[in-house]
>>> print(open('work_24.txt').read())   # compact mmCIF, C-alpha atoms and all ligand atoms
# COMPACT_ATOMS: atom_id res chain seq x y z
CA MET A 1 39.82 -14.24 -12.57
CA ARG A 2 42.27 -16.70 -14.12
CA ALA A 3 44.74 -18.23 -11.68
CA VAL A 4 47.13 -21.11 -11.08
CA ILE A 5 45.97 -23.03 -8.04
CA ALA A 6 47.27 -25.84 -5.84
CA THR A 7 44.10 -27.77 -5.12
CA VAL A 8 45.68 -30.81 -3.49
CA ALA A 9 49.23 -31.73 -2.49
CA ASP A 10 50.99 -34.53 -4.31
CA PRO A 11 54.45 -35.28 -2.85
CA GLU A 12 55.33 -37.69 -5.67
CA GLN A 13 53.72 -36.05 -8.73
CA PRO A 14 53.54 -32.32 -8.03
CA LEU A 15 52.25 -31.46 -11.51
CA ALA A 16 49.16 -33.59 -10.84
CA ALA A 17 48.28 -31.15 -8.02
CA LEU A 18 48.21 -28.16 -10.38
CA THR A 19 44.93 -26.57 -11.53
CA VAL A 20 44.64 -23.68 -13.97
CA GLY A 21 41.20 -22.15 -13.66
CA GLU A 22 38.99 -19.52 -12.08
CA ALA A 23 39.56 -18.12 -8.60
CA PRO A 24 37.70 -15.48 -6.57
CA GLU A 25 38.93 -11.88 -6.76
CA PRO A 26 41.46 -11.16 -3.98
CA ALA A 27 40.33 -9.56 -0.73
CA THR A 28 42.08 -6.28 0.07
CA PRO A 29 42.31 -5.65 3.83
CA ASP A 30 43.12 -2.15 5.12
CA GLY A 31 46.56 -1.10 3.92
CA TRP A 32 46.59 -3.63 1.07
CA VAL A 33 46.21 -2.92 -2.63
CA THR A 34 45.33 -5.01 -5.65
CA VAL A 35 47.89 -5.18 -8.44
CA GLU A 36 47.05 -6.08 -12.05
CA VAL A 37 49.67 -8.68 -12.86
CA ARG A 38 51.51 -8.16 -16.15
CA ALA A 39 54.22 -10.78 -15.69
CA ALA A 40 55.17 -13.41 -13.14
CA SER A 41 57.94 -15.94 -12.76
CA LEU A 42 58.05 -19.46 -11.37
CA ASN A 43 60.30 -20.67 -8.59
CA HIS A 44 61.15 -24.07 -7.23
CA HIS A 45 59.07 -22.88 -4.26
CA ASP A 46 55.96 -23.43 -6.43
CA ILE A 47 56.97 -27.06 -6.98
CA TRP A 48 57.54 -27.54 -3.24
CA SER A 49 54.06 -26.08 -2.62
CA LEU A 50 52.48 -28.57 -5.04
CA ARG A 51 54.29 -31.33 -3.13
CA GLY A 52 52.71 -30.01 0.10
CA VAL A 53 56.02 -28.73 1.51
CA GLY A 54 55.28 -25.53 3.46
CA LEU A 55 51.66 -25.61 2.28
CA PRO A 56 49.59 -27.91 4.51
CA ALA A 57 46.24 -29.30 3.36
CA ASP A 58 44.24 -26.90 5.56
CA ARG A 59 45.48 -23.94 3.46
CA LEU A 60 44.33 -25.42 0.15
CA PRO A 61 43.20 -24.39 -2.37
CA MET A 62 45.94 -21.77 -2.72
CA ILE A 63 46.92 -19.54 -5.64
CA LEU A 64 50.60 -20.21 -6.36
CA GLY A 65 53.38 -17.77 -7.21
CA CYS A 66 55.75 -15.54 -5.25
CA ASP A 67 56.94 -13.22 -8.00
CA ALA A 68 55.21 -10.63 -10.16
CA ALA A 69 55.35 -7.17 -11.65
CA GLY A 70 52.29 -5.21 -12.65
CA VAL A 71 50.27 -2.04 -12.31
CA ASP A 72 48.88 -0.68 -9.02
CA PRO A 73 45.45 1.02 -8.66
CA ASP A 74 47.04 4.45 -9.34
CA GLY A 75 48.51 3.25 -12.64
CA ASN A 76 52.08 2.95 -11.34
CA GLU A 77 54.29 0.17 -12.70
CA VAL A 78 55.46 -1.84 -9.71
CA VAL A 79 57.46 -4.86 -8.62
CA ILE A 80 56.00 -6.89 -5.76
CA TYR A 81 58.13 -7.71 -2.70
CA PRO A 82 56.82 -11.17 -1.78
CA VAL A 83 57.57 -11.33 1.96
CA VAL A 84 54.57 -10.55 4.19
CA GLU A 85 54.91 -9.97 7.93
CA ASP A 86 53.04 -12.79 9.62
CA LYS A 87 52.87 -13.19 13.40
CA GLY A 88 51.10 -16.54 12.98
CA ASP A 89 54.13 -18.08 11.29
CA PRO A 90 57.08 -19.29 13.42
CA ARG A 91 59.42 -17.40 11.06
CA GLY A 92 57.50 -14.16 11.66
CA TYR A 93 56.76 -13.86 7.95
CA SER A 94 55.34 -15.81 5.05
CA LEU A 95 55.82 -15.64 1.30
CA LEU A 96 52.93 -14.90 -1.00
CA SER A 97 51.24 -18.23 -1.80
CA GLU A 98 52.00 -19.69 1.66
CA ARG A 99 49.27 -17.96 3.68
CA HIS A 100 48.03 -15.28 1.29
CA PRO A 101 47.05 -15.90 -2.36
CA GLY A 102 50.04 -15.78 -4.70
CA THR A 103 51.01 -13.91 -7.82
CA LEU A 104 50.04 -16.41 -10.53
CA ALA A 105 46.68 -14.75 -11.06
CA GLU A 106 45.34 -11.84 -13.04
CA ARG A 107 45.20 -9.83 -9.82
CA VAL A 108 46.98 -10.16 -6.47
CA ALA A 109 46.52 -8.25 -3.21
CA VAL A 110 49.60 -7.19 -1.25
CA PRO A 111 50.42 -4.76 1.57
CA ARG A 112 50.95 -1.33 0.03
CA GLU A 113 54.49 -1.17 1.48
CA ASN A 114 55.39 -4.27 -0.57
CA LEU A 115 55.19 -2.28 -3.81
CA ILE A 116 58.47 -1.09 -5.30
CA PRO A 117 58.54 1.23 -8.34
CA LYS A 118 59.58 -0.64 -11.49
CA PRO A 119 62.36 1.22 -13.30
CA ALA A 120 61.25 2.21 -16.80
CA GLY A 121 64.19 0.43 -18.46
CA VAL A 122 63.40 -2.91 -16.84
CA SER A 123 60.57 -4.80 -18.56
CA PHE A 124 57.68 -6.37 -16.65
CA LEU A 125 59.05 -9.82 -17.48
CA GLU A 126 62.56 -8.95 -16.28
CA ALA A 127 61.23 -7.31 -13.12
CA ALA A 128 59.06 -10.35 -12.36
CA CYS A 129 62.17 -12.55 -12.25
CA LEU A 130 63.86 -10.58 -9.48
CA PRO A 131 61.81 -10.77 -6.24
CA THR A 132 62.61 -14.32 -5.10
CA ALA A 133 65.54 -15.98 -6.91
CA TRP A 134 67.56 -12.85 -7.64
CA LEU A 135 66.83 -11.24 -4.27
CA THR A 136 67.84 -14.47 -2.52
CA ALA A 137 71.10 -14.64 -4.47
CA PHE A 138 71.79 -10.94 -3.79
CA HIS A 139 71.19 -11.35 -0.04
CA MET A 140 73.30 -14.54 0.06
CA LEU A 141 76.24 -12.84 -1.63
CA THR A 142 76.12 -9.51 0.18
CA THR A 143 74.49 -9.57 3.61
CA ARG A 144 75.18 -13.23 4.45
CA GLY A 145 78.28 -14.02 2.38
CA ARG A 146 80.01 -10.62 2.81
CA VAL A 147 81.33 -11.05 -0.71
CA ASP A 148 83.04 -7.63 -0.56
CA GLU A 149 85.62 -9.19 1.76
CA GLY A 150 86.48 -11.91 -0.77
CA SER A 151 87.46 -12.39 -4.36
CA ALA A 152 86.29 -15.88 -5.33
CA VAL A 153 82.82 -17.43 -5.27
CA LEU A 154 81.53 -20.96 -5.96
CA VAL A 155 77.92 -21.48 -7.06
CA GLN A 156 76.54 -25.02 -6.95
CA GLY A 157 73.94 -26.36 -9.43
CA ALA A 158 74.32 -23.36 -11.66
CA GLY A 159 71.38 -23.95 -13.99
CA GLY A 160 68.71 -22.89 -11.50
CA GLY A 161 67.06 -19.53 -10.93
CA VAL A 162 68.95 -18.67 -7.71
CA ALA A 163 72.20 -20.09 -9.06
CA THR A 164 72.23 -18.27 -12.41
CA ALA A 165 71.41 -15.09 -10.49
CA ALA A 166 74.32 -15.69 -8.13
CA VAL A 167 76.70 -16.28 -11.05
CA ALA A 168 75.58 -13.13 -12.88
CA LEU A 169 75.59 -10.95 -9.75
CA ALA A 170 78.98 -12.16 -8.50
CA LEU A 171 80.47 -11.51 -11.95
CA ALA A 172 78.91 -8.03 -12.00
CA MET A 173 80.52 -7.43 -8.59
CA GLY A 174 83.91 -8.23 -10.11
CA LYS A 175 84.50 -11.60 -8.43
CA ARG A 176 86.13 -14.74 -9.83
CA VAL A 177 83.22 -17.13 -10.15
CA TYR A 178 83.26 -20.93 -10.30
CA ALA A 179 80.04 -22.83 -10.91
CA THR A 180 79.10 -26.50 -11.06
CA SER A 181 76.41 -28.04 -13.18
CA ARG A 182 75.59 -31.65 -13.97
CA ASP A 183 74.84 -30.73 -17.55
CA PRO A 184 77.69 -30.06 -20.03
CA ALA A 185 75.42 -27.76 -22.08
CA LYS A 186 74.67 -25.64 -19.01
CA ARG A 187 78.39 -25.53 -18.22
CA GLU A 188 78.98 -24.04 -21.66
CA ARG A 189 76.38 -21.37 -20.98
CA ILE A 190 77.95 -20.59 -17.58
CA ALA A 191 81.34 -20.21 -19.27
CA ALA A 192 79.78 -17.86 -21.84
CA LEU A 193 78.71 -15.60 -18.96
CA GLY A 194 82.36 -15.33 -17.86
CA ALA A 195 82.46 -17.86 -15.00
CA THR A 196 84.59 -21.00 -14.80
CA ALA A 197 82.28 -23.96 -15.19
CA VAL A 198 83.17 -27.35 -13.72
CA ALA A 199 81.50 -30.73 -13.27
CA PRO A 200 79.99 -31.41 -9.82
CA GLY A 201 82.71 -32.40 -7.36
CA ALA A 202 85.60 -31.18 -9.54
CA ARG A 203 88.69 -29.71 -7.89
CA LEU A 204 88.91 -25.92 -8.30
CA PRO A 205 92.16 -24.07 -9.06
CA GLU A 206 91.75 -22.14 -5.78
CA ARG A 207 89.67 -22.20 -2.61
CA VAL A 208 86.79 -19.72 -2.54
CA ASP A 209 85.62 -17.12 -0.01
CA VAL A 210 81.87 -17.61 -0.51
CA VAL A 211 79.90 -20.70 -1.53
CA ILE A 212 76.32 -20.31 -2.77
CA GLU A 213 74.61 -23.57 -1.93
CA SER A 214 71.02 -24.34 -3.01
CA VAL A 215 71.43 -27.99 -4.09
CA GLY A 216 72.08 -29.52 -0.66
CA ALA A 217 73.11 -33.10 0.01
CA PRO A 218 74.59 -33.93 -3.44
CA THR A 219 76.98 -30.96 -3.43
CA PHE A 220 77.48 -30.08 0.23
CA ASP A 221 80.71 -32.01 0.84
CA HIS A 222 82.22 -30.35 -2.25
CA SER A 223 81.13 -26.96 -0.93
CA MET A 224 83.00 -27.63 2.31
CA LYS A 225 86.13 -28.85 0.53
CA CYS A 226 86.26 -25.81 -1.80
CA ALA A 227 86.03 -23.29 1.05
CA ALA A 228 89.08 -21.18 1.93
CA PRO A 229 89.95 -20.53 5.59
CA GLY A 230 87.23 -18.29 7.08
CA ALA A 231 84.93 -18.77 4.07
CA ARG A 232 81.17 -18.41 4.26
CA ILE A 233 79.04 -21.32 3.01
CA VAL A 234 75.59 -19.82 2.50
CA VAL A 235 72.67 -22.24 2.20
CA CYS A 236 69.24 -21.23 0.91
CA GLY A 237 67.86 -24.54 -0.32
CA ALA A 238 68.24 -28.27 -0.63
CA THR A 239 66.72 -29.19 -3.98
CA GLY A 240 68.73 -32.42 -4.19
CA GLY A 241 68.22 -33.54 -0.56
CA HIS A 242 68.34 -31.99 2.89
CA GLN A 243 70.28 -34.62 4.86
CA ALA A 244 73.86 -33.59 4.15
CA THR A 245 76.90 -34.97 5.96
CA ILE A 246 79.24 -32.39 7.50
CA ASP A 247 82.88 -33.04 8.35
CA LEU A 248 83.02 -31.02 11.54
CA ARG A 249 86.83 -31.20 11.59
CA ARG A 250 86.90 -29.13 8.41
CA LEU A 251 84.33 -26.70 9.83
CA PHE A 252 86.45 -25.79 12.85
CA ALA A 253 89.95 -26.25 11.42
CA MET A 254 89.19 -23.97 8.45
CA ARG A 255 87.14 -21.60 10.65
CA LEU A 256 84.24 -21.84 8.19
CA GLU A 257 80.96 -20.04 8.63
CA LEU A 258 77.89 -22.07 7.74
CA LEU A 259 75.00 -19.67 7.21
CA GLY A 260 71.33 -20.18 6.46
CA SER A 261 69.64 -17.62 4.26
CA THR A 262 66.10 -16.75 3.25
CA MET A 263 65.00 -14.13 0.74
CA GLY A 264 66.15 -10.55 1.53
CA SER A 265 64.64 -7.29 2.68
CA ARG A 266 62.41 -4.91 0.76
CA ARG A 267 65.28 -2.41 0.82
CA GLU A 268 67.58 -5.03 -0.72
CA LEU A 269 65.10 -5.66 -3.53
CA ALA A 270 65.08 -1.92 -4.28
CA ALA A 271 68.92 -1.94 -4.19
CA LEU A 272 68.95 -4.93 -6.55
CA LEU A 273 66.74 -3.05 -9.02
CA ASP A 274 69.11 -0.07 -8.80
CA LEU A 275 72.09 -2.37 -9.41
CA CYS A 276 70.41 -3.90 -12.48
CA VAL A 277 69.87 -0.44 -13.91
CA ALA A 278 73.34 0.88 -13.00
CA LYS A 279 75.19 -2.15 -14.42
CA ASP A 280 72.73 -2.80 -17.26
CA LEU A 281 72.28 -6.24 -15.76
CA ARG A 282 69.14 -8.23 -16.52
CA PRO A 283 67.90 -11.59 -15.18
CA ILE A 284 68.70 -14.64 -17.25
CA ILE A 285 65.36 -15.88 -18.59
CA ASP A 286 65.31 -19.50 -19.70
CA SER A 287 61.90 -19.25 -21.34
CA THR A 288 58.69 -17.24 -21.37
CA TYR A 289 55.21 -18.75 -21.54
CA GLY A 290 51.86 -17.08 -22.13
CA PHE A 291 49.34 -17.58 -19.34
CA THR A 292 47.42 -20.13 -21.42
CA ALA A 293 50.54 -22.32 -21.47
CA VAL A 294 51.36 -21.94 -17.77
CA ALA A 295 51.00 -25.69 -17.13
CA ASP A 296 53.78 -26.27 -19.71
CA ALA A 297 55.89 -23.72 -17.85
CA PHE A 298 55.51 -25.75 -14.65
CA ALA A 299 56.39 -28.98 -16.46
CA HIS A 300 59.49 -27.32 -17.87
CA LEU A 301 60.62 -26.06 -14.45
CA ALA A 302 59.96 -29.44 -12.85
CA SER A 303 62.06 -31.17 -15.52
CA GLY A 304 65.16 -29.36 -14.18
CA ASP A 305 66.27 -28.76 -17.75
CA ILE A 306 66.46 -24.99 -17.30
CA PHE A 307 69.04 -22.25 -17.41
CA GLY A 308 67.72 -19.24 -15.57
CA LYS A 309 64.16 -18.20 -14.85
CA VAL A 310 60.88 -19.45 -16.27
CA ALA A 311 58.64 -16.42 -16.83
CA VAL A 312 54.90 -16.06 -17.48
CA ASP A 313 53.58 -13.24 -19.66
CA PHE A 314 50.02 -12.30 -18.67
CA LEU A 315 49.47 -10.20 -21.79
CA HIS A 316 49.70 -13.27 -24.06
N1 LIG A 401 65.61 -19.76 1.29
C1 LIG A 401 65.06 -18.99 0.36
O1 LIG A 401 64.65 -17.86 0.61
C2 LIG A 401 64.98 -19.52 -1.04
C3 LIG A 401 64.70 -18.66 -2.10
C4 LIG A 401 64.71 -19.17 -3.40
C5 LIG A 401 64.96 -20.52 -3.59
N2 LIG A 401 65.17 -21.34 -2.53
C6 LIG A 401 65.45 -22.78 -2.71
O2 LIG A 401 66.64 -22.88 -3.48
C7 LIG A 401 66.53 -24.00 -4.36
C8 LIG A 401 66.76 -23.52 -5.79
O3 LIG A 401 65.66 -22.73 -6.17
P1 LIG A 401 65.46 -22.31 -7.68
O4 LIG A 401 64.14 -21.65 -7.77
O5 LIG A 401 66.69 -21.65 -8.16
O6 LIG A 401 65.34 -23.78 -8.32
P2 LIG A 401 65.48 -24.24 -9.82
O7 LIG A 401 65.44 -23.03 -10.67
O8 LIG A 401 64.49 -25.33 -10.01
O9 LIG A 401 66.99 -24.84 -9.88
C9 LIG A 401 67.40 -26.02 -9.29
C10 LIG A 401 68.85 -26.33 -9.74
O10 LIG A 401 69.44 -27.19 -8.76
C11 LIG A 401 70.28 -28.12 -9.38
N3 LIG A 401 69.89 -29.46 -8.92
C12 LIG A 401 68.65 -29.94 -8.76
N4 LIG A 401 68.69 -31.21 -8.30
C13 LIG A 401 69.98 -31.52 -8.18
C14 LIG A 401 70.66 -32.69 -7.78
N5 LIG A 401 70.01 -33.78 -7.38
N6 LIG A 401 71.99 -32.67 -7.82
C15 LIG A 401 72.66 -31.57 -8.24
N7 LIG A 401 72.04 -30.43 -8.61
C16 LIG A 401 70.72 -30.42 -8.59
C17 LIG A 401 70.11 -28.01 -10.87
O11 LIG A 401 71.28 -27.45 -11.41
P3 LIG A 401 72.10 -28.17 -12.61
O12 LIG A 401 71.09 -28.83 -13.49
O13 LIG A 401 72.83 -27.03 -13.23
O14 LIG A 401 73.03 -29.15 -11.98
C18 LIG A 401 68.92 -27.09 -11.04
O15 LIG A 401 69.07 -26.25 -12.14
C19 LIG A 401 65.15 -24.61 -4.14
O16 LIG A 401 65.27 -25.71 -3.26
C20 LIG A 401 64.37 -23.48 -3.51
O17 LIG A 401 63.32 -23.94 -2.70
C21 LIG A 401 65.19 -20.86 -1.25
>>> encode(input="work_24.txt", output="structure tokens", more="lines below")
Ligand SMILES: NC(=O)c1ccc[n+]([C@@H]2O[C@H](COP(=O)([O-])OP(=O)(O)OC[C@H]3O[C@@H](n4cnc5c(N)ncnc54)[C@H](OP(=O)(O)O)[C@@H]3O)[C@@H](O)[C@H]2O)c1
Amino acid sequence: MRAVIATVADPEQPLAALTVGEAPEPATPDGWVTVEVRAASLNHHDIWSLRGVGLPADRLPMILGCDAAGVDPDGNEVVIYPVVEDKGDPRGYSLLSERHPGTLAERVAVPRENLIPKPAGVSFLEAACLPTAWLTAFHMLTTRGRVDEGSAVLVQGAGGGVATAAVALALAMGKRVYATSRDPAKRERIAALGATAVAPGARLPERVDVVIESVGAPTFDHSMKCAAPGARIVVCGATGGHQATIDLRRLFAMRLELLGSTMGSRRELAALLDLCVAKDLRPIIDSTYGFTAVADAFAHLASGDIFGKVAVDFLH
């Protein structure tokens, strides 16, 4: 079957580690099923994998991809929850493409309990954008950030998949949303969604209750300074660097909560799908590529010049 494979790791030139070619059909252990992939989406996770981060050489070659929607063996349209219980991993779980072949293939095997019914009104492409970036943003805002208790949210680096999701979800939840982006054009698009867009490091008109942080070192000090007393700074990534400096005086004096976050639960992904249907909310898709152009999709994601998700349509 056709698949996108990390054959080597290249920390400096991740795209050089990418192979689009043939891979063996997936094995389906007891309790697992094979899904025919209709659409997938890329995440920065795929770029980290090509760099060898979280994907050591002894697990190569590995089919990439965490996110997909497709059709199960009974003909049901499904969304795949990408977190697999994994006692061999120190976290107790792994994401598809870390220890088990990923979703960027014509077929992918997953535990049956990882299948979630795809609502009819949500397209395969839209559904395929939700399982990692949107679920992460949803979990960061709700379970970790307790956004219900607050009224203002700051999202750093707002062009990315997680960040655009956080902006759209926080707006749908009725919050005042501030978002930074390095790019004036992206700031215009954030403003068009209904958020207040500012340049990185800019002073906000108010302190916020929840900060959604996926950029890391370049924005972390700003995240701390923008936080209201008792605010939650929720960190899911460090795209721009992981060695941030923390002013501990601000942490204790403002009684801030600094929270790490990964993905979300299967139940949360189902709740996110329900929310999308109820609020007529759909993921922001930067661009869609046919499978034959998947290498271009990776190059586009790696360029950082994106606003929302990069999707892959397996039917074209
Ligand atoms: N913990 C988890 O479960 C989890 C889940 C999903 C993602 N993540 C992590 O979260 C991060 C974002 O993921 P993603 O898929 O949303 O990535 P993405 O779509 O590639 O977005 C990255 C965004 O970060 C901003 N950025 C990148 N480098 C920056 C820099 N040097 N300075 C300032 N901003 C910078 C950019 O925003 P602007 O261009 O607008 O400034 C860019 O659009 C990644 O590190 C990923 O590994 C973690």
>>> closest_atom_pairs(input="work_24.txt", of="chain A", to="ligand LIG 401 (chain A)", cutoff="6 Å", atoms="only C-alpha atoms and all ligand atoms", output="JSON lines")
{"residue": "A:Asn43", "atom": "CA", "partner": "A:LIG401", "partner_atom": "O4", "distance": 4.0}
{"residue": "A:His44", "atom": "CA", "partner": "A:LIG401", "partner_atom": "O4", "distance": 3.9}
{"residue": "A:His45", "atom": "CA", "partner": "A:LIG401", "partner_atom": "O17", "distance": 4.6}
{"residue": "A:Thr132", "atom": "CA", "partner": "A:LIG401", "partner_atom": "C4", "distance": 5.6}
{"residue": "A:Ala133", "atom": "CA", "partner": "A:LIG401", "partner_atom": "C4", "distance": 4.8}
{"residue": "A:Thr136", "atom": "CA", "partner": "A:LIG401", "partner_atom": "C3", "distance": 5.3}
{"residue": "A:Gly157", "atom": "CA", "partner": "A:LIG401", "partner_atom": "O11", "distance": 3.5}
{"residue": "A:Ala158", "atom": "CA", "partner": "A:LIG401", "partner_atom": "O13", "distance": 4.3}
{"residue": "A:Gly159", "atom": "CA", "partner": "A:LIG401", "partner_atom": "O13", "distance": 3.5}
{"residue": "A:Gly160", "atom": "CA", "partner": "A:LIG401", "partner_atom": "O9", "distance": 3.1}
{"residue": "A:Gly161", "atom": "CA", "partner": "A:LIG401", "partner_atom": "O5", "distance": 3.5}
{"residue": "A:Val162", "atom": "CA", "partner": "A:LIG401", "partner_atom": "O5", "distance": 3.8}
{"residue": "A:Ala163", "atom": "CA", "partner": "A:LIG401", "partner_atom": "O5", "distance": 5.8}
{"residue": "A:Ser181", "atom": "CA", "partner": "A:LIG401", "partner_atom": "O13", "distance": 3.7}
{"residue": "A:Arg182", "atom": "CA", "partner": "A:LIG401", "partner_atom": "O14", "distance": 4.1}
{"residue": "A:Asp183", "atom": "CA", "partner": "A:LIG401", "partner_atom": "O12", "distance": 5.8}
{"residue": "A:Ser214", "atom": "CA", "partner": "A:LIG401", "partner_atom": "O2", "distance": 4.6}
{"residue": "A:Val215", "atom": "CA", "partner": "A:LIG401", "partner_atom": "O10", "distance": 5.1}
{"residue": "A:Pro218", "atom": "CA", "partner": "A:LIG401", "partner_atom": "N6", "distance": 5.2}
{"residue": "A:Cys236", "atom": "CA", "partner": "A:LIG401", "partner_atom": "N1", "distance": 3.9}
{"residue": "A:Gly237", "atom": "CA", "partner": "A:LIG401", "partner_atom": "O2", "distance": 3.8}
{"residue": "A:Ala238", "atom": "CA", "partner": "A:LIG401", "partner_atom": "O16", "distance": 4.7}
{"residue": "A:Thr239", "atom": "CA", "partner": "A:LIG401", "partner_atom": "O16", "distance": 3.8}
{"residue": "A:Gly240", "atom": "CA", "partner": "A:LIG401", "partner_atom": "N5", "distance": 3.7}
{"residue": "A:Ser261", "atom": "CA", "partner": "A:LIG401", "partner_atom": "N1", "distance": 5.4}
{"residue": "A:Thr262", "atom": "CA", "partner": "A:LIG401", "partner_atom": "O1", "distance": 3.2}
{"residue": "A:Met263", "atom": "CA", "partner": "A:LIG401", "partner_atom": "O1", "distance": 3.7}
{"residue": "A:Leu301", "atom": "CA", "partner": "A:LIG401", "partner_atom": "O8", "distance": 5.9}
{"residue": "A:Gly304", "atom": "CA", "partner": "A:LIG401", "partner_atom": "O15", "distance": 5.4}
{"residue": "A:Ile306", "atom": "CA", "partner": "A:LIG401", "partner_atom": "O15", "distance": 5.9}
>>> residues_around(input="work_24.txt", residues="A:Leu171", least_positions_apart="4", cutoff="9 Å", atoms="all atoms listed in the file", output="mmCIF file with C-alpha atoms, in the coordinates of the input")
data_model
loop_
_atom_site.group_PDB
_atom_site.id
_atom_site.type_symbol
_atom_site.label_atom_id
_atom_site.label_comp_id
_atom_site.auth_asym_id
_atom_site.auth_seq_id
_atom_site.Cartn_x
_atom_site.Cartn_y
_atom_site.Cartn_z
ATOM 1 C CA ALA A 166 74.320 -15.690 -8.130
ATOM 2 C CA VAL A 167 76.700 -16.280 -11.050
ATOM 3 C CA LYS A 175 84.500 -11.600 -8.430
ATOM 4 C CA ARG A 176 86.130 -14.740 -9.830
ATOM 5 C CA VAL A 177 83.220 -17.130 -10.150
ATOM 6 C CA LEU A 193 78.710 -15.600 -18.960
ATOM 7 C CA GLY A 194 82.360 -15.330 -17.860
ATOM 8 C CA ALA A 195 82.460 -17.860 -15.000
#
>>> closest_residue(input="work_24.txt", among="A:Leu272, A:Ala227, A:Ala244, A:Val312", to="A:Leu256", atoms="only C-alpha atoms")
A:Ala227
>>> closest_residue(input="work_24.txt", among="A:Arg51, A:Arg144, A:Arg38, A:Lys186", to="A:Lys118", atoms="all atoms listed in the file")
A:Arg38
>>> residues_around(input="work_24.txt", residues="A:Leu315", least_positions_apart="2", cutoff="9 Å", atoms="only C-alpha atoms", output="ChimeraX atom specification")
/A:38-39,290-291,313
>>> closest_residue(input="work_24.txt", among="A:Ala128, A:Val235, A:Val198, A:Leu154", to="A:Val211", atoms="all atoms listed in the file")
A:Leu154
>>> atom_distance(input="work_24.txt", atom1="atom CA of A:Ile5", atom2="atom CA of A:Leu273")
28.8 Å
>>> atom_distance(input="work_24.txt", atom1="atom CA of A:Pro26", atom2="atom CA of A:Leu135")
25.4 Å
>>> atom_distance(input="work_24.txt", atom1="atom CA of A:Asn114", atom2="atom CA of A:Pro73")
13.9 Å
>>> closest_residue(input="work_24.txt", among="A:Thr288, A:Ser223, A:Asn76, A:Thr245", to="A:Glu257", atoms="all atoms listed in the file")
A:Ser223
>>> closest_residue(input="work_24.txt", among="A:Arg59, A:Arg146, A:His300, A:His100", to="A:Asp209", atoms="all atoms listed in the file")
A:Arg146
>>> closest_residue(input="work_24.txt", among="A:Ala217, A:Ile284, A:Ala137, A:Ala293", to="A:Leu125", atoms="all atoms listed in the file")
A:Ile284
>>> residues_around(input="work_24.txt", residues="A:Ile233", least_positions_apart="6", cutoff="12 Å", atoms="only C-alpha atoms", output="PyMOL selection string")
chain A and resi 140-141+144-147+153-156+208-214+216+219-227+246+251+254-261
>>> residues_around(input="work_24.txt", residues="A:Pro184", least_positions_apart="5", cutoff="10 Å", atoms="only C-alpha atoms", output="PyMOL selection string")
chain A and resi 189-190+197-199
>>> decode(input="work_24.txt", residues="stretch 183-194 of chain A", atoms="N, CA and C atoms", output="mmCIF file, in the first residue's frame")
data_model
loop_
_atom_site.group_PDB
_atom_site.id
_atom_site.type_symbol
_atom_site.label_atom_id
_atom_site.label_comp_id
_atom_site.auth_asym_id
_atom_site.auth_seq_id
_atom_site.Cartn_x
_atom_site.Cartn_y
_atom_site.Cartn_z
ATOM 1 N N ASP A 183 3.614 37.017 12.115
ATOM 2 C CA ASP A 183 3.316 37.377 10.731
ATOM 3 C C ASP A 183 2.094 38.319 10.667
ATOM 4 N N PRO A 184 2.258 39.540 10.132
ATOM 5 C CA PRO A 184 1.122 40.468 10.074
ATOM 6 C C PRO A 184 -0.066 39.884 9.307
ATOM 7 N N ALA A 185 0.192 39.104 8.260
ATOM 8 C CA ALA A 185 -0.920 38.524 7.492
ATOM 9 C C ALA A 185 -1.709 37.537 8.344
ATOM 10 N N LYS A 186 -0.994 36.747 9.160
ATOM 11 C CA LYS A 186 -1.704 35.810 10.053
ATOM 12 C C LYS A 186 -2.476 36.580 11.115
ATOM 13 N N ARG A 187 -1.917 37.703 11.556
ATOM 14 C CA ARG A 187 -2.636 38.497 12.570
ATOM 15 C C ARG A 187 -3.960 39.007 11.992
ATOM 16 N N GLU A 188 -3.941 39.362 10.724
ATOM 17 C CA GLU A 188 -5.203 39.797 10.087
ATOM 18 C C GLU A 188 -6.219 38.668 10.088
ATOM 19 N N ARG A 189 -5.740 37.455 9.809
ATOM 20 C CA ARG A 189 -6.670 36.320 9.751
ATOM 21 C C ARG A 189 -7.197 35.967 11.147
ATOM 22 N N ILE A 190 -6.354 36.143 12.164
ATOM 23 C CA ILE A 190 -6.809 35.915 13.548
ATOM 24 C C ILE A 190 -7.903 36.927 13.887
ATOM 25 N N ALA A 191 -7.663 38.181 13.508
ATOM 26 C CA ALA A 191 -8.648 39.236 13.798
ATOM 27 C C ALA A 191 -9.969 38.933 13.091
ATOM 28 N N ALA A 192 -9.879 38.384 11.874
ATOM 29 C CA ALA A 192 -11.104 38.066 11.128
ATOM 30 C C ALA A 192 -11.915 36.978 11.836
ATOM 31 N N LEU A 193 -11.245 36.143 12.628
ATOM 32 C CA LEU A 193 -11.977 35.107 13.382
ATOM 33 C C LEU A 193 -12.719 35.709 14.576
ATOM 34 N N GLY A 194 -12.279 36.918 15.005
ATOM 35 C CA GLY A 194 -12.942 37.557 16.154
ATOM 36 C C GLY A 194 -12.044 37.688 17.362
#
